[in-house]
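The file input.txt contains compact mmCIF, C-alpha atoms and all ligand atoms:
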```
# COMPACT_ATOMS: atom_id res chain seq x y z
CA MET A 1 21.08 34.84 -17.40
CA LYS A 2 22.81 33.67 -20.55
CA ILE A 3 26.50 33.78 -21.33
CA ALA A 4 27.82 33.46 -24.87
CA MET A 5 31.14 31.64 -24.82
CA GLY A 6 33.67 31.43 -27.61
CA ASN A 7 37.19 30.17 -28.09
CA ASP A 8 39.74 29.08 -30.64
CA HIS A 9 41.77 25.87 -30.74
CA SER A 10 44.15 27.05 -28.01
CA ALA A 11 41.43 27.28 -25.38
CA VAL A 12 39.16 24.25 -25.67
CA GLU A 13 40.16 22.80 -22.31
CA LEU A 14 39.87 26.13 -20.47
CA LYS A 15 36.55 26.88 -22.19
CA ASN A 16 35.16 23.54 -20.98
CA ALA A 17 36.32 24.21 -17.42
CA ILE A 18 34.91 27.75 -17.38
CA GLN A 19 31.67 26.67 -19.02
CA ALA A 20 31.15 24.08 -16.27
CA TYR A 21 32.06 26.70 -13.67
CA VAL A 22 29.63 29.37 -14.82
CA GLU A 23 26.90 26.75 -15.22
CA SER A 24 27.51 25.76 -11.60
CA LYS A 25 26.95 29.43 -10.74
CA GLY A 26 23.50 29.22 -12.36
CA TYR A 27 24.17 30.74 -15.79
CA GLU A 28 23.07 29.20 -19.06
CA VAL A 29 25.89 28.96 -21.61
CA ILE A 30 25.58 29.23 -25.38
CA ASN A 31 28.76 27.70 -26.78
CA PHE A 32 29.93 29.52 -29.92
CA GLY A 33 33.47 28.23 -29.60
CA THR A 34 35.27 25.41 -31.33
CA ASP A 35 35.42 22.06 -29.56
CA SER A 36 38.34 20.95 -31.72
CA THR A 37 42.04 21.55 -31.12
CA GLU A 38 42.62 21.84 -34.86
CA SER A 39 44.02 25.27 -35.74
CA CYS A 40 41.34 27.85 -36.48
CA ASP A 41 40.89 31.63 -36.58
CA TYR A 42 40.01 33.54 -33.41
CA PRO A 43 38.20 36.45 -35.18
CA VAL A 44 35.39 34.08 -36.18
CA TYR A 45 34.64 33.24 -32.55
CA GLY A 46 35.18 36.72 -31.18
CA GLU A 47 32.65 38.06 -33.64
CA LYS A 48 30.10 35.35 -32.77
CA VAL A 49 30.34 36.19 -29.07
CA GLY A 50 30.17 39.93 -29.74
CA ARG A 51 27.11 39.61 -31.95
CA ALA A 52 25.30 37.38 -29.46
CA VAL A 53 25.79 40.00 -26.74
CA ALA A 54 25.02 43.02 -28.93
CA SER A 55 21.79 41.42 -30.19
CA GLY A 56 20.62 40.49 -26.69
CA GLU A 57 20.75 36.76 -27.40
CA ALA A 58 23.13 36.60 -24.44
CA ASP A 59 23.53 38.90 -21.45
CA TYR A 60 27.31 38.58 -21.31
CA GLY A 61 30.13 37.05 -23.30
CA ILE A 62 33.28 35.21 -22.27
CA ALA A 63 35.83 34.54 -25.00
CA ILE A 64 39.18 32.80 -24.74
CA CYS A 65 42.09 32.44 -27.15
CA GLY A 66 45.82 32.00 -26.55
CA THR A 67 46.31 35.49 -25.11
CA GLY A 68 42.71 36.72 -24.96
CA ILE A 69 43.80 39.66 -27.07
CA GLY A 70 42.87 38.66 -30.61
CA ILE A 71 39.47 37.32 -29.69
CA GLY A 72 38.88 40.44 -27.59
CA ILE A 73 39.76 42.76 -30.46
CA ALA A 74 37.36 40.82 -32.68
CA ALA A 75 34.47 40.92 -30.19
CA GLY A 76 35.05 44.62 -29.60
CA LYS A 77 34.58 45.40 -33.30
CA VAL A 78 30.87 44.66 -32.86
CA LYS A 79 28.89 47.79 -32.10
CA GLY A 80 27.72 47.92 -28.50
CA VAL A 81 30.38 45.58 -27.18
CA ARG A 82 32.75 46.71 -24.43
CA VAL A 83 35.54 44.23 -23.83
CA CYS A 84 37.68 43.57 -20.79
CA THR A 85 40.79 41.51 -21.59
CA CYS A 86 42.51 40.73 -18.31
CA SER A 87 44.74 38.38 -16.40
CA GLU A 88 43.80 39.30 -12.83
CA PRO A 89 40.57 39.83 -10.88
CA TYR A 90 40.95 43.50 -9.92
CA SER A 91 40.64 44.79 -13.49
CA ALA A 92 37.76 42.42 -14.18
CA ARG A 93 35.84 43.79 -11.19
CA LEU A 94 36.48 47.45 -12.02
CA SER A 95 35.66 46.89 -15.69
CA ARG A 96 32.15 45.87 -14.65
CA MET A 97 31.69 48.61 -12.06
CA HIS A 98 33.10 51.52 -14.09
CA ASN A 99 33.13 50.52 -17.77
CA ASN A 100 30.04 48.30 -17.88
CA THR A 101 31.97 45.73 -19.88
CA ASN A 102 29.82 43.05 -21.46
CA VAL A 103 32.48 40.72 -22.85
CA LEU A 104 35.34 39.26 -20.82
CA THR A 105 38.35 37.70 -22.49
CA PHE A 106 41.52 36.05 -21.20
CA GLY A 107 44.31 33.88 -22.48
CA ALA A 108 44.53 30.13 -22.09
CA ARG A 109 48.29 30.43 -22.59
CA VAL A 110 48.53 33.20 -20.00
CA ILE A 111 46.52 32.17 -16.93
CA GLY A 112 45.50 28.91 -15.27
CA VAL A 113 42.02 27.66 -14.56
CA GLU A 114 41.90 28.83 -10.93
CA MET A 115 42.91 32.39 -11.85
CA ALA A 116 40.34 32.30 -14.64
CA LYS A 117 37.63 31.34 -12.13
CA MET A 118 38.60 34.21 -9.82
CA ILE A 119 38.46 36.63 -12.74
CA VAL A 120 35.06 35.29 -13.80
CA ASP A 121 33.74 35.59 -10.23
CA GLU A 122 34.79 39.24 -9.93
CA TRP A 123 33.42 40.03 -13.35
CA LEU A 124 30.04 38.32 -12.95
CA ASP A 125 29.44 39.15 -9.29
CA ASN A 126 29.90 42.91 -9.59
CA ALA A 127 27.37 45.30 -11.06
CA TYR A 128 27.79 48.46 -13.10
CA GLU A 129 27.67 51.50 -10.81
CA GLY A 130 26.32 53.99 -13.36
CA GLY A 131 26.34 57.54 -11.99
CA ARG A 132 29.49 59.44 -12.96
CA HIS A 133 30.58 56.54 -15.13
CA GLN A 134 27.61 56.77 -17.46
CA ARG A 135 28.85 59.92 -19.16
CA ARG A 136 32.10 58.17 -20.03
CA VAL A 137 30.42 54.98 -21.20
CA ASP A 138 28.16 57.15 -23.39
CA GLN A 139 31.29 58.72 -24.85
CA LEU A 140 32.51 55.26 -25.84
CA ALA A 141 29.31 54.77 -27.84
CA GLU A 142 29.76 58.19 -29.43
CA ILE A 143 33.20 57.15 -30.69
CA GLU A 144 31.61 54.07 -32.20
CA ASN A 145 28.87 56.15 -33.82
CA ARG A 146 31.40 58.52 -35.39
CA GLY A 147 32.81 55.45 -37.19
C1 LIG B 1 46.66 31.20 -31.94
O1 LIG B 1 47.90 30.60 -32.14
C2 LIG B 1 46.81 32.51 -31.21
O2 LIG B 1 47.41 33.46 -32.04
C3 LIG B 1 45.47 32.99 -30.71
O3 LIG B 1 44.93 32.03 -29.87
C4 LIG B 1 45.46 34.27 -29.90
O4 LIG B 1 46.42 34.25 -28.90
C5 LIG B 1 45.47 35.53 -30.65
O5 LIG B 1 45.37 36.63 -30.10
```

Since I need it in another form, could you write the structure as structure tokens?
Ligand code: RB5
Amino acid sequence: MKIAMGNDHSAVELKNAIQAYVESKGYEVINFGTDSTESCDYPVYGEKVGRAVASGEADYGIAICGTGIGIGIAAGKVKGVRVCTCSEPYSARLSRMHNNTNVLTFGARVIGVEMAKMIVDEWLDNAYEGGRHQRRVDQLAEIENRG
């Protein structure tokens, strides 16, 4: 399983820690993020992660900026991407089970590395339930298709 990772300048350290963590869980990481702390623009990296997931190059995406919000908005602009931006594990888990999210984002200026690992665990270790949720997930795609 491949994970596309992306980040801006605010999240280099957290990206490195989470990359090592998900690799230790057996995932292959494609790093689309910056490795420099020089100021840069989060939409660039959110889009790269979103496109990697939407194209099938990666199975999932994890993107980190200062808040997780900007990079999440950017990734979510790519058709087929469903983003979970969260700061605690419960929402991450339910976003997989009910919303079939395929990109997770969080903020390096919001949460610490141990919370980030718990969020990642809940997000990666739980599967989409389908069933009654599929109709609603289909409706999300219909919104996208209406433009
Ligand atoms: C960069 O300063 C900051 O705005 C960015 O990392 C992110 O938090 C945007 O949503």

12 Å from ligand LIG 1 (chain B) is the threshold here; counting all atoms listed in the file, which polymer residues fall inside it? Answer as a short mmCIF file (atom, residue, chain, number, x, y, z; two decimals) with C-alpha atoms, in the frame of the given file.
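Saved result, selection28.cif, follows:
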```
data_model
loop_
_atom_site.label_atom_id
_atom_site.label_comp_id
_atom_site.auth_asym_id
_atom_site.auth_seq_id
_atom_site.Cartn_x
_atom_site.Cartn_y
_atom_site.Cartn_z
CA GLY A 6 33.67 31.43 -27.61
CA ASN A 7 37.19 30.17 -28.09
CA ASP A 8 39.74 29.08 -30.64
CA HIS A 9 41.77 25.87 -30.74
CA SER A 10 44.15 27.05 -28.01
CA ALA A 11 41.43 27.28 -25.38
CA VAL A 12 39.16 24.25 -25.67
CA THR A 34 35.27 25.41 -31.33
CA THR A 37 42.04 21.55 -31.12
CA GLU A 38 42.62 21.84 -34.86
CA SER A 39 44.02 25.27 -35.74
CA CYS A 40 41.34 27.85 -36.48
CA ASP A 41 40.89 31.63 -36.58
CA TYR A 42 40.01 33.54 -33.41
CA PRO A 43 38.20 36.45 -35.18
CA VAL A 44 35.39 34.08 -36.18
CA TYR A 45 34.64 33.24 -32.55
CA GLY A 46 35.18 36.72 -31.18
CA ALA A 63 35.83 34.54 -25.00
CA ILE A 64 39.18 32.80 -24.74
CA CYS A 65 42.09 32.44 -27.15
CA GLY A 66 45.82 32.00 -26.55
CA THR A 67 46.31 35.49 -25.11
CA GLY A 68 42.71 36.72 -24.96
CA ILE A 69 43.80 39.66 -27.07
CA GLY A 70 42.87 38.66 -30.61
CA ILE A 71 39.47 37.32 -29.69
CA GLY A 72 38.88 40.44 -27.59
CA ILE A 73 39.76 42.76 -30.46
CA ALA A 74 37.36 40.82 -32.68
CA ALA A 75 34.47 40.92 -30.19
CA THR A 85 40.79 41.51 -21.59
CA THR A 105 38.35 37.70 -22.49
CA PHE A 106 41.52 36.05 -21.20
CA GLY A 107 44.31 33.88 -22.48
CA ALA A 108 44.53 30.13 -22.09
CA ARG A 109 48.29 30.43 -22.59
CA VAL A 110 48.53 33.20 -20.00
#
```

Write out as a ChimeraX atom specification which residues come within 8 Å of segment 49-58 of chain A when counting only C-alpha atoms, dropping same-chain ones fewer than 6 positions away.
/A:1-6,30,32,74-81,102-103

Straight-line distance linking atom CA of Val113 of chain A with atom CA of Asn99 of chain A, stated in Å to one decimal
24.7 Å

Got a sec: who's within 12 Å of Glu88 of chain A, counting only C-alpha atoms, leaving out chain neighbours fewer than 6 positions off, as a ChimeraX atom specification?
/A:94-95,104-107,110-123

A:Asn126, A:Glu13, A:Tyr60, A:Arg136: which is nearest Tyr27 of chain A, counting all atoms listed in the file?
A:Tyr60

What does the distance from atom CA of Lys15 of chain A to atom CA of Tyr90 of chain A come to in Å, to one decimal?
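Rounded to one decimal, the two atoms are 21.1 Å apart.
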
Quick one, how far is atom CA of Ser36 of chain A from atom CA of Glu23 of chain A?
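Distance between the two atoms: 20.9 Å.
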
Given all atoms listed in the file as the counted atoms, nearest of A:Met97, A:Leu140, A:Ile62, A:Ala92 to Val22 of chain A:
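When distances to Val22 of chain A are compared using all atoms listed in the file, the smallest one comes from A:Ile62.
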